[in-house]
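Peer 1: I'd like to ask you about the structure that follows.
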Amino acid sequence: MKLNKKLKYSLFIGLFGLFSNLLCAQGNVAPQIIATGDQFYCPQSMLPITTDFNIVDPDDTEIDAFYIQISTGYERGFDVLSLQNSHPTVTTNWNAQEGKLTLTGVGGVPMLYTDLIAAVRDVVFESASASPEEEKFFSLTIGNANYLPETGHYYEYVSDVGIRWDDARTAAENRTYFGLQGYLATITSAAEAQITGEQTTGTGWIGGSDEQTEGVWRWMTGPEQGQVFWNGDNTGSSPNFAFWNTNEPNNLGDEDYAHITAPGVGITGSWNDLRITGDPTGDYQPKGYIVEYGGMPGDPILNLSASTKITTPKITSVTPGTICGSGTVSLQATSSFGDVVWFETETGGTALATGNNFDTPVLDSSKTYYVMASYNGCMVSERLPIRATVLIPPNINDGITLTNCDEDGVADGFTQFDLTQYLDLLSTEDGNFAFTFYLSEADAENRANEIDAQNFNNAVADQLFFRVEGTGDYCYAIGSVFLDVSTTSFPNGYVYALETCDDRNADGIAIFNLLEAEQDLLDQFPTSQGLTVSFYQNEDDALLKRNPIGNTQAYTNTMAYSEILFVRVDDEFSGTCFGVGQHLSLTVLPTPSYELEENYFFCSGSSVEVVPLRPLGAYQYRWYNASNTLIGESESMVLSEAGQYSVVALSEAGCTSPALSFGVEESSPPVLQPQFVQVEDDGETGTITVLYENGELGLGDYAFYLDNLYGEGGDSSVFTNVEPGLHTLYAIDKNGCGVDAIQVGVVGVAKFFTPNNDNINDVLAIKGVTSEFYASGNFLVFDRYGKLMGQIDPFQKGWSGLYKGKPLPPSDYWYTLELTDHEGMIHRRNGHFTLKQ
């Protein structure tokens, strides 16, 4: 365990050891140091570090060097030790890094004890800080190592750039200090961390490692060997004390050894983890190691050092005060010792009072006061602010009466109140305020037994207490409210009716402007000054004055075709209800409903009558042409001109239907002409196509049939795979305006014939030649040698197989057929056939 050697008044310490000229012959009496001083410091002043100092040594009269260090509570940049007055045989050196003042003789000559004692008595401490650390310990020692009174141990930095951790551990254990065994430092307190980190001349290895178990950091050296001081990575925790730098340990590259971080990297004097070798260069290269002496088994008992202490009085706690509304605020503060002094200003000024408690004058607004700890008349300590807060009570309307209508079905003077609907009457404050209600004023003060404000019946109580509580600069206010039930009401059976026509969806849902009923509703009461009307969908909401209908100018009914709303009339200034009930009926009138065909047809020279279909009532109709000109108002409309038309219907209630549009088309019988028929007959079968685009056949929409009226076809104007011969083509108007027919021929020559007088294929037939399509023709027959064997008119019956009156022998023959159409174009085709017996 480390030793706690904080000294009290009159610290007596004997010095002995093996130290140069202080060591007498064996068996001589060791010198004694007498240092006293447990003092109180007034900031920004000078104070001797001891009240008395002496060295008693029967054997020696001089010493080479003496060291005085601020070993605990040192604040670099503020704290200084210096030698005052004239001491011609003593010179000093102040080391701001270590907080250490070294006293030596002039020119390397040892100091006489008498000169050293006089000099130490004149060493003073001074701090430029307005708020120094509360306690500062000073060590007085004959050795150069840093001495920490808290532990009674000594600490020394050894420079050795690049040394490994394990080599540093061995090197530290091989060092001694006046017989004390050295080891890599084990740091177990903030004071020890400061003297080994901030107050050393360099940074280096310390005795911690997690090489045994990753993340479990133990002290591997000294009296604390095996003690765990950290668990985890940079998010871990310590069971006692650790001083890792920010985001350390991080185990980058298997870092298992603790090292004091280089200056300028994060927190001064803190730790980081390194590999056993560290980095080759830079901030994470080991620069040496920290050796600690003391606490090891077998160490001699040494008294090489003494210590003194100064204490600065501090304010340890402040308790602000708060009141609601103007008045006196009670503030409290405590100090570590001495008096608590109260001021009105942060600096300067006259003290207002002394003591732990301070009652301000009557305040109308918040104010900051200041306190300081003072001892023995010191008035330059740090002043801490303490706030006296004066909160603003909300403005309230106390003692008002809220009146509701007795419309709950029982005329007994009692009804339900939703008190949250009256908050604007209870307080005129504009902001975020909380309202609560209670049966007694005491409950309101203590915020106890809060009632259900949204559903309260005045049969329970007709007087309530409310609490209005704000945030920020506001506190609270308490007032009373009285509940009354009004006897006024709407006239018996009074209902105001609003009607509107259904919209285009014809679903019984429409938009109403409820404000159209407002004036008539107000006129039901003798006075209309300050009265307001609100509308509700159900009785509970109307009675409790909550969930009013918001968009009153564009309300959409929720029940198809018919809905009754609850109406409430209030005096908003007094909270009086003048009437509530089902007094507004909404009716959605149906729009006319009927049907029309999309299109109507009439045959040329006639007309068509358009009659609305399946009407749901007796309507008036208005008929319009494509220019939206009214052309009739009868129940039906006779039209004899093609075009686009529309009609609207009006119901007896005045509702107008959406306009229905329809078309009227003129149709006529077809007129088939050869020029509108195209025949393709170059093969064994032919294709017949009717060319009727652009109204060539007439004004109608036509269906076409071949050879059989209403047989196959109809939807197509093209007939394929038609056998050679004469065919009848029909065209019929789909709207029933007429039919026409024409004979069409598909030209073709038979493949064989048998002129044997059996009346079967006796003549070579030439099929499909008709005068409607051709003006003339010529049919020539040749034998295989190209000799003309016959010539006939293709419009006649056919060729009989005679040549010069004699039958030709069976064989294959060739032909040429030439046809001239009515436009003079020649159509020629060649082929062959067989003459058989």
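Going through the structure tokens in order, the chains are called A, B, and so on, while each chain numbers its residues from 1 and the ligands are numbered from 1 in the order shown.
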Residues near Leu112 of chain A, anyone? I mean within 10 Å using only C-alpha atoms, not counting same-chain ones fewer than 3 positions away, as a list in words.

Peer 2: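 So, after excluding close chain neighbours, the residues are Asp60, Thr61, Glu62, Ile63, Asp64, Thr89, Val90, Gly105, Val109, Asp115, Leu116 and Ile117 of chain A.
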
Peer 1: Where in segment 413-652 of chain A does DSSP assign helix (DSSP H, G or I), given as a ChimeraX atom specification?

Peer 2: /A:419-426,441-446,514-522,539-544,552-554

Peer 1: In segment 507-752 of chain A, what's strand (DSSP E or B) per DSSP? Answer as a short mmCIF file (atom, residue, chain, number, x, y, z; two decimals) with N, CA, C and O atoms, in the first residue's frame?

Peer 2:
data_model
loop_
_atom_site.label_atom_id
_atom_site.label_comp_id
_atom_site.auth_asym_id
_atom_site.auth_seq_id
_atom_site.Cartn_x
_atom_site.Cartn_y
_atom_site.Cartn_z
N ILE A 511 -71.31 19.73 -50.31
CA ILE A 511 -70.64 20.73 -49.48
C ILE A 511 -71.66 21.79 -49.07
O ILE A 511 -72.42 22.31 -49.90
N PHE A 512 -71.68 22.12 -47.75
CA PHE A 512 -72.60 23.10 -47.19
C PHE A 512 -71.83 24.25 -46.58
O PHE A 512 -70.77 24.05 -45.96
N LEU A 531 -72.65 36.86 -28.85
CA LEU A 531 -72.98 35.45 -28.96
C LEU A 531 -72.24 34.84 -30.15
O LEU A 531 -72.06 35.48 -31.19
N THR A 532 -71.83 33.59 -29.99
CA THR A 532 -71.18 32.87 -31.08
C THR A 532 -71.89 31.53 -31.28
O THR A 532 -72.47 30.97 -30.34
N VAL A 533 -71.81 31.04 -32.51
CA VAL A 533 -72.44 29.77 -32.87
C VAL A 533 -71.34 28.78 -33.22
O VAL A 533 -70.39 29.12 -33.94
N SER A 534 -71.46 27.58 -32.71
CA SER A 534 -70.54 26.50 -33.09
C SER A 534 -71.36 25.26 -33.42
O SER A 534 -72.48 25.08 -32.92
N PHE A 535 -70.81 24.39 -34.26
CA PHE A 535 -71.53 23.23 -34.79
C PHE A 535 -70.77 21.96 -34.44
O PHE A 535 -69.53 21.94 -34.44
N TYR A 536 -71.53 20.88 -34.17
CA TYR A 536 -70.94 19.62 -33.72
C TYR A 536 -71.65 18.45 -34.39
O TYR A 536 -72.82 18.55 -34.77
N TYR A 555 -68.43 22.57 -45.28
CA TYR A 555 -68.63 21.33 -44.54
C TYR A 555 -69.20 20.26 -45.46
O TYR A 555 -70.18 20.51 -46.19
N THR A 556 -68.62 19.09 -45.43
CA THR A 556 -69.11 17.95 -46.21
C THR A 556 -69.87 17.01 -45.29
O THR A 556 -69.32 16.55 -44.29
N SER A 562 -79.00 13.10 -45.93
CA SER A 562 -79.64 13.79 -44.82
C SER A 562 -78.80 13.66 -43.56
O SER A 562 -78.35 12.57 -43.22
N GLU A 563 -78.57 14.79 -42.85
CA GLU A 563 -77.81 14.79 -41.62
C GLU A 563 -78.29 15.92 -40.74
O GLU A 563 -78.63 17.01 -41.23
N ILE A 564 -78.34 15.69 -39.43
CA ILE A 564 -78.72 16.72 -38.48
C ILE A 564 -77.53 17.02 -37.60
O ILE A 564 -76.94 16.12 -37.00
N LEU A 565 -77.15 18.31 -37.51
CA LEU A 565 -76.02 18.73 -36.70
C LEU A 565 -76.50 19.36 -35.40
O LEU A 565 -77.59 19.92 -35.32
N PHE A 566 -75.63 19.25 -34.37
CA PHE A 566 -75.89 19.89 -33.09
C PHE A 566 -75.34 21.32 -33.15
O PHE A 566 -74.23 21.55 -33.64
N VAL A 567 -76.14 22.23 -32.63
CA VAL A 567 -75.78 23.65 -32.62
C VAL A 567 -75.63 24.09 -31.17
O VAL A 567 -76.42 23.71 -30.30
N ARG A 568 -74.58 24.90 -30.93
CA ARG A 568 -74.38 25.47 -29.59
C ARG A 568 -74.18 26.96 -29.74
O ARG A 568 -73.36 27.41 -30.56
N VAL A 569 -74.91 27.75 -28.93
CA VAL A 569 -74.79 29.20 -28.91
C VAL A 569 -74.24 29.60 -27.55
O VAL A 569 -74.79 29.23 -26.51
N ASP A 570 -73.10 30.34 -27.54
CA ASP A 570 -72.44 30.74 -26.30
C ASP A 570 -72.18 32.23 -26.28
O ASP A 570 -72.04 32.88 -27.33
N ASP A 571 -72.11 32.76 -25.06
CA ASP A 571 -71.57 34.09 -24.83
C ASP A 571 -70.11 33.90 -24.46
O ASP A 571 -69.78 33.48 -23.34
N THR A 576 -71.33 31.82 -20.81
CA THR A 576 -72.72 31.36 -20.67
C THR A 576 -73.16 30.63 -21.92
O THR A 576 -72.96 31.10 -23.04
N CYS A 577 -73.81 29.49 -21.72
CA CYS A 577 -74.39 28.75 -22.84
C CYS A 577 -75.83 29.21 -23.03
O CYS A 577 -76.64 29.17 -22.09
N PHE A 578 -76.19 29.63 -24.23
CA PHE A 578 -77.54 30.11 -24.50
C PHE A 578 -78.43 29.05 -25.15
O PHE A 578 -79.62 29.22 -25.23
N GLY A 579 -77.85 27.99 -25.63
CA GLY A 579 -78.67 26.94 -26.21
C GLY A 579 -77.83 25.91 -26.92
O GLY A 579 -76.79 26.23 -27.48
N VAL A 580 -78.30 24.66 -26.87
CA VAL A 580 -77.60 23.57 -27.53
C VAL A 580 -78.60 22.51 -27.92
O VAL A 580 -79.58 22.26 -27.20
N GLY A 581 -78.42 21.90 -29.09
CA GLY A 581 -79.34 20.84 -29.52
C GLY A 581 -79.25 20.60 -31.01
O GLY A 581 -78.48 21.24 -31.74
N GLN A 582 -80.09 19.67 -31.49
CA GLN A 582 -80.13 19.33 -32.91
C GLN A 582 -81.01 20.33 -33.64
O GLN A 582 -82.22 20.13 -33.79
N HIS A 583 -80.40 21.41 -34.07
CA HIS A 583 -81.19 22.50 -34.64
C HIS A 583 -80.76 22.87 -36.06
O HIS A 583 -81.19 23.91 -36.56
N LEU A 584 -79.97 22.06 -36.70
CA LEU A 584 -79.58 22.34 -38.08
C LEU A 584 -79.65 21.04 -38.88
O LEU A 584 -78.94 20.09 -38.60
N SER A 585 -80.57 21.03 -39.86
CA SER A 585 -80.70 19.85 -40.72
C SER A 585 -80.06 20.14 -42.07
O SER A 585 -80.19 21.24 -42.62
N LEU A 586 -79.38 19.16 -42.57
CA LEU A 586 -78.73 19.25 -43.88
C LEU A 586 -79.37 18.24 -44.81
O LEU A 586 -79.51 17.06 -44.45
N THR A 587 -79.78 18.68 -45.98
CA THR A 587 -80.41 17.79 -46.96
C THR A 587 -79.71 17.92 -48.29
O THR A 587 -79.53 19.04 -48.79
N VAL A 588 -79.34 16.79 -48.84
CA VAL A 588 -78.74 16.77 -50.17
C VAL A 588 -79.81 16.33 -51.15
O VAL A 588 -80.32 15.21 -51.07
N LEU A 589 -80.21 17.24 -52.03
CA LEU A 589 -81.26 16.95 -53.01
C LEU A 589 -80.64 16.20 -54.18
O LEU A 589 -79.58 16.60 -54.69
N GLU A 595 -80.62 8.46 -68.80
CA GLU A 595 -79.58 7.97 -69.69
C GLU A 595 -79.89 8.35 -71.12
O GLU A 595 -81.06 8.60 -71.48
N ASN A 599 -74.76 7.48 -79.45
CA ASN A 599 -74.94 7.98 -80.82
C ASN A 599 -76.33 7.60 -81.33
O ASN A 599 -76.87 6.53 -81.00
N TYR A 600 -76.88 8.49 -82.17
CA TYR A 600 -78.17 8.26 -82.83
C TYR A 600 -77.96 8.41 -84.33
O TYR A 600 -77.10 9.19 -84.78
N PHE A 601 -78.81 7.67 -85.16
CA PHE A 601 -78.67 7.68 -86.62
C PHE A 601 -80.03 7.96 -87.28
O PHE A 601 -81.08 7.59 -86.76
N PHE A 602 -79.93 8.64 -88.45
CA PHE A 602 -81.14 8.78 -89.29
C PHE A 602 -80.72 8.59 -90.74
O PHE A 602 -79.57 8.87 -91.12
N CYS A 603 -81.66 8.05 -91.55
CA CYS A 603 -81.39 7.84 -92.97
C CYS A 603 -81.61 9.14 -93.73
O CYS A 603 -82.47 9.96 -93.36
N VAL A 608 -84.44 11.58 -86.68
CA VAL A 608 -84.40 10.64 -85.57
C VAL A 608 -84.91 11.36 -84.32
O VAL A 608 -84.64 12.54 -84.11
N GLU A 609 -85.66 10.65 -83.49
CA GLU A 609 -86.16 11.23 -82.23
C GLU A 609 -85.29 10.72 -81.08
O GLU A 609 -85.11 9.53 -80.90
N VAL A 610 -84.75 11.68 -80.29
CA VAL A 610 -83.91 11.36 -79.14
C VAL A 610 -84.78 11.47 -77.89
O VAL A 610 -85.31 12.54 -77.59
N LEU A 613 -83.70 8.06 -71.54
CA LEU A 613 -84.02 6.71 -71.12
C LEU A 613 -83.98 6.60 -69.60
O LEU A 613 -83.12 7.18 -68.94
N GLN A 620 -87.63 18.66 -66.45
CA GLN A 620 -87.61 19.55 -67.61
C GLN A 620 -86.25 19.36 -68.29
O GLN A 620 -85.24 19.18 -67.64
N TYR A 621 -86.29 19.40 -69.66
CA TYR A 621 -85.05 19.17 -70.41
C TYR A 621 -84.72 20.39 -71.25
O TYR A 621 -85.64 21.09 -71.76
N ARG A 622 -83.45 20.64 -71.40
CA ARG A 622 -82.96 21.71 -72.26
C ARG A 622 -81.93 21.11 -73.20
O ARG A 622 -80.94 20.54 -72.75
N TRP A 623 -82.20 21.26 -74.52
CA TRP A 623 -81.38 20.64 -75.56
C TRP A 623 -80.50 21.70 -76.21
O TRP A 623 -80.95 22.81 -76.49
N TYR A 624 -79.24 21.34 -76.46
CA TYR A 624 -78.27 22.30 -77.01
C TYR A 624 -77.53 21.64 -78.18
O TYR A 624 -77.29 20.43 -78.19
N LEU A 630 -79.38 26.86 -77.25
CA LEU A 630 -80.60 26.15 -76.87
C LEU A 630 -81.46 25.94 -78.12
O LEU A 630 -81.80 26.88 -78.83
N ILE A 631 -81.82 24.67 -78.38
CA ILE A 631 -82.62 24.37 -79.59
C ILE A 631 -83.95 23.72 -79.24
O ILE A 631 -84.75 23.43 -80.14
N GLY A 632 -84.20 23.49 -77.95
CA GLY A 632 -85.49 22.89 -77.58
C GLY A 632 -85.60 22.65 -76.10
O GLY A 632 -84.60 22.55 -75.39
N MET A 637 -86.41 15.09 -78.45
CA MET A 637 -85.94 16.01 -79.48
C MET A 637 -85.82 15.27 -80.80
O MET A 637 -85.20 14.19 -80.88
N VAL A 638 -86.48 15.80 -81.88
CA VAL A 638 -86.40 15.24 -83.23
C VAL A 638 -85.33 16.00 -83.98
O VAL A 638 -85.40 17.22 -84.11
N LEU A 639 -84.32 15.26 -84.49
CA LEU A 639 -83.19 15.88 -85.17
C LEU A 639 -83.02 15.29 -86.55
O LEU A 639 -83.14 14.08 -86.74
N GLY A 643 -74.49 15.87 -86.14
CA GLY A 643 -73.68 16.76 -85.31
C GLY A 643 -73.64 16.29 -83.87
O GLY A 643 -74.16 15.24 -83.52
N GLN A 644 -72.97 17.10 -82.99
CA GLN A 644 -72.88 16.83 -81.56
C GLN A 644 -73.91 17.67 -80.83
O GLN A 644 -74.07 18.87 -81.11
N TYR A 645 -74.57 17.04 -79.86
CA TYR A 645 -75.62 17.71 -79.10
C TYR A 645 -75.43 17.39 -77.62
O TYR A 645 -74.69 16.47 -77.24
N SER A 646 -76.14 18.13 -76.78
CA SER A 646 -76.14 17.86 -75.33
C SER A 646 -77.49 18.23 -74.76
O SER A 646 -78.26 18.98 -75.37
N VAL A 647 -77.74 17.70 -73.55
CA VAL A 647 -79.02 17.96 -72.88
C VAL A 647 -78.76 17.99 -71.38
O VAL A 647 -77.92 17.27 -70.86
N VAL A 648 -79.45 18.88 -70.67
CA VAL A 648 -79.45 18.91 -69.21
C VAL A 648 -80.89 18.78 -68.75
O VAL A 648 -81.82 19.18 -69.46
N ALA A 649 -81.04 18.23 -67.52
CA ALA A 649 -82.38 18.06 -66.96
C ALA A 649 -82.48 18.83 -65.66
O ALA A 649 -81.50 18.92 -64.91
N LEU A 650 -83.65 19.40 -65.38
CA LEU A 650 -83.92 20.13 -64.17
C LEU A 650 -85.01 19.42 -63.39
O LEU A 650 -86.07 19.08 -63.94
N THR A 656 -79.97 20.77 -61.17
CA THR A 656 -79.64 20.57 -62.58
C THR A 656 -78.65 19.41 -62.71
O THR A 656 -77.68 19.33 -61.97
N LEU A 660 -75.36 15.82 -70.55
CA LEU A 660 -75.04 14.58 -71.24
C LEU A 660 -74.88 14.89 -72.72
O LEU A 660 -75.75 15.52 -73.34
N SER A 661 -73.78 14.45 -73.30
CA SER A 661 -73.51 14.70 -74.72
C SER A 661 -73.84 13.45 -75.53
O SER A 661 -73.70 12.32 -75.04
N PHE A 662 -74.26 13.67 -76.77
CA PHE A 662 -74.53 12.55 -77.67
C PHE A 662 -74.30 13.04 -79.09
O PHE A 662 -74.27 14.25 -79.37
N GLY A 663 -74.11 12.09 -79.99
CA GLY A 663 -73.90 12.41 -81.40
C GLY A 663 -75.05 11.94 -82.26
O GLY A 663 -75.72 10.96 -81.96
N VAL A 664 -75.30 12.66 -83.34
CA VAL A 664 -76.32 12.29 -84.35
C VAL A 664 -75.59 12.17 -85.68
O VAL A 664 -74.90 13.10 -86.10
N GLU A 665 -75.78 11.01 -86.34
CA GLU A 665 -75.10 10.77 -87.62
C GLU A 665 -76.14 10.46 -88.70
O GLU A 665 -77.14 9.80 -88.44
N GLU A 666 -75.86 10.94 -89.93
CA GLU A 666 -76.72 10.65 -91.08
C GLU A 666 -76.19 9.43 -91.80
O GLU A 666 -74.98 9.26 -91.95
N SER A 667 -77.09 8.54 -92.25
CA SER A 667 -76.70 7.35 -92.96
C SER A 667 -77.52 7.26 -94.25
O SER A 667 -78.63 7.80 -94.34
N VAL A 677 -64.79 -1.54 -106.98
CA VAL A 677 -64.48 -2.94 -106.70
C VAL A 677 -63.18 -3.29 -107.43
O VAL A 677 -63.05 -3.07 -108.63
N GLN A 678 -62.27 -3.83 -106.69
CA GLN A 678 -60.98 -4.24 -107.25
C GLN A 678 -60.90 -5.76 -107.22
O GLN A 678 -61.15 -6.37 -106.18
N VAL A 679 -60.55 -6.36 -108.43
CA VAL A 679 -60.44 -7.82 -108.53
C VAL A 679 -59.00 -8.17 -108.89
O VAL A 679 -58.43 -7.62 -109.84
N GLU A 680 -58.43 -9.05 -108.08
CA GLU A 680 -57.09 -9.57 -108.36
C GLU A 680 -57.27 -11.06 -108.67
O GLU A 680 -57.61 -11.84 -107.79
N GLY A 686 -59.00 -15.80 -106.80
CA GLY A 686 -58.89 -14.36 -106.85
C GLY A 686 -59.23 -13.70 -105.53
O GLY A 686 -59.72 -14.32 -104.59
N THR A 687 -59.00 -12.40 -105.46
CA THR A 687 -59.32 -11.57 -104.29
C THR A 687 -60.17 -10.40 -104.74
O THR A 687 -59.82 -9.71 -105.71
N ILE A 688 -61.29 -10.19 -104.04
CA ILE A 688 -62.19 -9.09 -104.35
C ILE A 688 -62.13 -8.11 -103.19
O ILE A 688 -62.33 -8.47 -102.02
N THR A 689 -61.84 -6.83 -103.48
CA THR A 689 -61.73 -5.79 -102.47
C THR A 689 -62.68 -4.66 -102.81
O THR A 689 -62.68 -4.16 -103.95
N VAL A 690 -63.47 -4.24 -101.79
CA VAL A 690 -64.38 -3.10 -101.96
C VAL A 690 -63.65 -1.85 -101.50
O VAL A 690 -63.16 -1.78 -100.37
N TYR A 702 -71.07 0.39 -93.65
CA TYR A 702 -71.61 -0.71 -94.43
C TYR A 702 -70.95 -2.03 -94.05
O TYR A 702 -69.78 -2.08 -93.65
N ALA A 703 -71.76 -3.09 -94.30
CA ALA A 703 -71.28 -4.46 -94.19
C ALA A 703 -71.34 -5.08 -95.58
O ALA A 703 -72.21 -4.75 -96.40
N PHE A 704 -70.40 -6.04 -95.87
CA PHE A 704 -70.30 -6.61 -97.22
C PHE A 704 -70.39 -8.12 -97.14
O PHE A 704 -69.85 -8.75 -96.22
N TYR A 705 -71.07 -8.68 -98.14
CA TYR A 705 -71.26 -10.13 -98.23
C TYR A 705 -71.05 -10.54 -99.68
O TYR A 705 -71.32 -9.77 -100.61
N LEU A 706 -70.60 -11.78 -99.92
CA LEU A 706 -70.35 -12.30 -101.28
C LEU A 706 -71.23 -13.50 -101.51
O LEU A 706 -71.17 -14.49 -100.75
N GLY A 713 -68.84 -13.00 -93.91
CA GLY A 713 -68.38 -11.66 -94.23
C GLY A 713 -69.03 -10.67 -93.28
O GLY A 713 -69.32 -10.97 -92.13
N GLY A 714 -69.30 -9.49 -93.77
CA GLY A 714 -69.94 -8.47 -92.97
C GLY A 714 -68.96 -7.45 -92.46
O GLY A 714 -69.04 -6.27 -92.79
N VAL A 718 -62.81 -7.27 -97.79
CA VAL A 718 -61.87 -8.02 -98.62
C VAL A 718 -62.28 -9.49 -98.60
O VAL A 718 -62.47 -10.07 -97.52
N PHE A 719 -62.40 -10.10 -99.78
CA PHE A 719 -62.76 -11.52 -99.91
C PHE A 719 -61.62 -12.21 -100.65
O PHE A 719 -61.25 -11.80 -101.76
N THR A 720 -61.06 -13.23 -100.06
CA THR A 720 -59.91 -13.92 -100.63
C THR A 720 -60.30 -15.35 -101.01
O THR A 720 -61.34 -15.86 -100.60
N ASN A 721 -59.37 -15.99 -101.80
CA ASN A 721 -59.55 -17.38 -102.24
C ASN A 721 -60.91 -17.57 -102.94
O ASN A 721 -61.60 -18.56 -102.74
N VAL A 722 -61.26 -16.58 -103.76
CA VAL A 722 -62.54 -16.65 -104.49
C VAL A 722 -62.32 -17.46 -105.77
O VAL A 722 -61.40 -17.19 -106.55
N GLY A 725 -65.11 -17.22 -111.71
CA GLY A 725 -66.52 -17.24 -112.10
C GLY A 725 -67.20 -15.96 -111.73
O GLY A 725 -66.57 -15.01 -111.27
N LEU A 726 -68.51 -15.92 -111.95
CA LEU A 726 -69.29 -14.73 -111.63
C LEU A 726 -69.84 -14.84 -110.21
O LEU A 726 -70.34 -15.89 -109.80
N HIS A 727 -69.74 -13.71 -109.45
CA HIS A 727 -70.19 -13.67 -108.05
C HIS A 727 -71.01 -12.42 -107.83
O HIS A 727 -70.81 -11.40 -108.50
N THR A 728 -71.92 -12.51 -106.87
CA THR A 728 -72.74 -11.34 -106.51
C THR A 728 -72.18 -10.74 -105.22
O THR A 728 -72.07 -11.42 -104.19
N LEU A 729 -71.84 -9.44 -105.26
CA LEU A 729 -71.32 -8.71 -104.12
C LEU A 729 -72.43 -7.84 -103.56
O LEU A 729 -73.05 -7.06 -104.31
N TYR A 730 -72.71 -7.95 -102.21
CA TYR A 730 -73.76 -7.18 -101.56
C TYR A 730 -73.13 -6.16 -100.61
O TYR A 730 -72.15 -6.45 -99.91
N ALA A 731 -73.73 -4.96 -100.52
CA ALA A 731 -73.38 -3.94 -99.52
C ALA A 731 -74.66 -3.54 -98.81
O ALA A 731 -75.68 -3.27 -99.48
N ILE A 732 -74.64 -3.52 -97.45
CA ILE A 732 -75.84 -3.21 -96.68
C ILE A 732 -75.49 -2.17 -95.63
O ILE A 732 -74.43 -2.23 -94.98
N ASP A 733 -76.32 -1.14 -95.46
CA ASP A 733 -76.11 -0.11 -94.44
C ASP A 733 -76.40 -0.70 -93.06
O ASP A 733 -77.47 -1.27 -92.83
N VAL A 739 -79.74 -1.55 -99.16
CA VAL A 739 -78.80 -2.55 -99.61
C VAL A 739 -78.62 -2.39 -101.11
O VAL A 739 -79.54 -1.93 -101.82
N ASP A 740 -77.44 -2.75 -101.66
CA ASP A 740 -77.17 -2.72 -103.10
C ASP A 740 -76.33 -3.94 -103.43
O ASP A 740 -75.68 -4.52 -102.55
N ALA A 741 -76.36 -4.35 -104.76
CA ALA A 741 -75.61 -5.54 -105.19
C ALA A 741 -75.03 -5.28 -106.58
O ALA A 741 -75.54 -4.47 -107.35
N ILE A 742 -73.94 -6.00 -106.89
CA ILE A 742 -73.28 -5.90 -108.19
C ILE A 742 -72.67 -7.25 -108.50
O ILE A 742 -72.28 -7.99 -107.60
N GLN A 743 -72.64 -7.60 -109.84
CA GLN A 743 -72.03 -8.86 -110.25
C GLN A 743 -70.56 -8.63 -110.53
O GLN A 743 -70.17 -7.73 -111.26
N VAL A 744 -69.73 -9.49 -109.92
CA VAL A 744 -68.28 -9.35 -110.03
C VAL A 744 -67.73 -10.68 -110.54
O VAL A 744 -68.12 -11.75 -110.06
N GLY A 745 -66.82 -10.61 -111.51
CA GLY A 745 -66.23 -11.82 -112.08
C GLY A 745 -64.79 -11.99 -111.70
O GLY A 745 -64.02 -11.04 -111.75
N VAL A 746 -64.46 -13.26 -111.33
CA VAL A 746 -63.06 -13.63 -111.13
C VAL A 746 -62.68 -14.46 -112.34
O VAL A 746 -63.20 -15.57 -112.56
N GLY A 748 -60.93 -16.87 -114.99
CA GLY A 748 -60.15 -18.07 -114.88
C GLY A 748 -60.46 -19.04 -116.03
O GLY A 748 -61.56 -19.02 -116.60
N VAL A 749 -59.49 -19.86 -116.42
CA VAL A 749 -59.65 -20.86 -117.50
C VAL A 749 -59.52 -22.24 -116.86
O VAL A 749 -58.60 -22.48 -116.06
N PHE A 752 -58.77 -28.46 -117.64
CA PHE A 752 -58.97 -29.51 -118.68
C PHE A 752 -60.44 -29.46 -119.11
O PHE A 752 -61.28 -28.83 -118.45
#

Peer 1: Compile the contact shell of Ser71 of chain A as a ChimeraX atom specification: residues with an atom at most 9 Å away, counting only C-alpha atoms, same-chain residues fewer than 5 positions apart removed.

Peer 2: /A:98-100,136-139,146-149,191,194-195,199

Peer 1: I need the residue nearest Gly253 of chain A from this list: A:Gly278, A:Gly617, A:Gly108, A:Gly226. Use only C-alpha atoms for the distance.

Peer 2: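 Using only C-alpha atoms, the shortest distance to Gly253 of chain A belongs to A:Gly278.
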
Peer 1: One decimal, Å: what's the distance from atom CA of Asn759 of chain A over to atom CA of Val781 of chain A, could you say?

Peer 2: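 That distance, rounded to one decimal, is 21.8 Å.
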
Peer 1: Near segment 381-390 of chain A, within 10 Å and counting only C-alpha atoms, which residues show up once chain neighbours fewer than 5 positions away are dropped, as number ranges by chain?

Peer 2: A: 41-44, 129-132, 312-315, 317-333, 341-347, 359-360, 363-375, 473-475

Peer 1: Rounded to one decimal in Å, what is the spacing between atom CA of Asn761 of chain A and atom CA of Lys804 of chain A?

Peer 2: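 Atom-to-atom, atom CA of Asn761 of chain A and atom CA of Lys804 of chain A are spaced 20.7 Å apart.
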
Peer 1: Between A:Val106, A:Gly236, A:Gln225, A:Asp283, which has the minimum distance to Val161 of chain A (counting only C-alpha atoms)?

Peer 2: A:Asp283

Peer 1: Work out how far atom CA of Tyr438 of chain A is from atom CA of Val468 of chain A, in Å to one decimal.

Peer 2: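 Atom CA of Tyr438 of chain A lies 11.7 Å from atom CA of Val468 of chain A.
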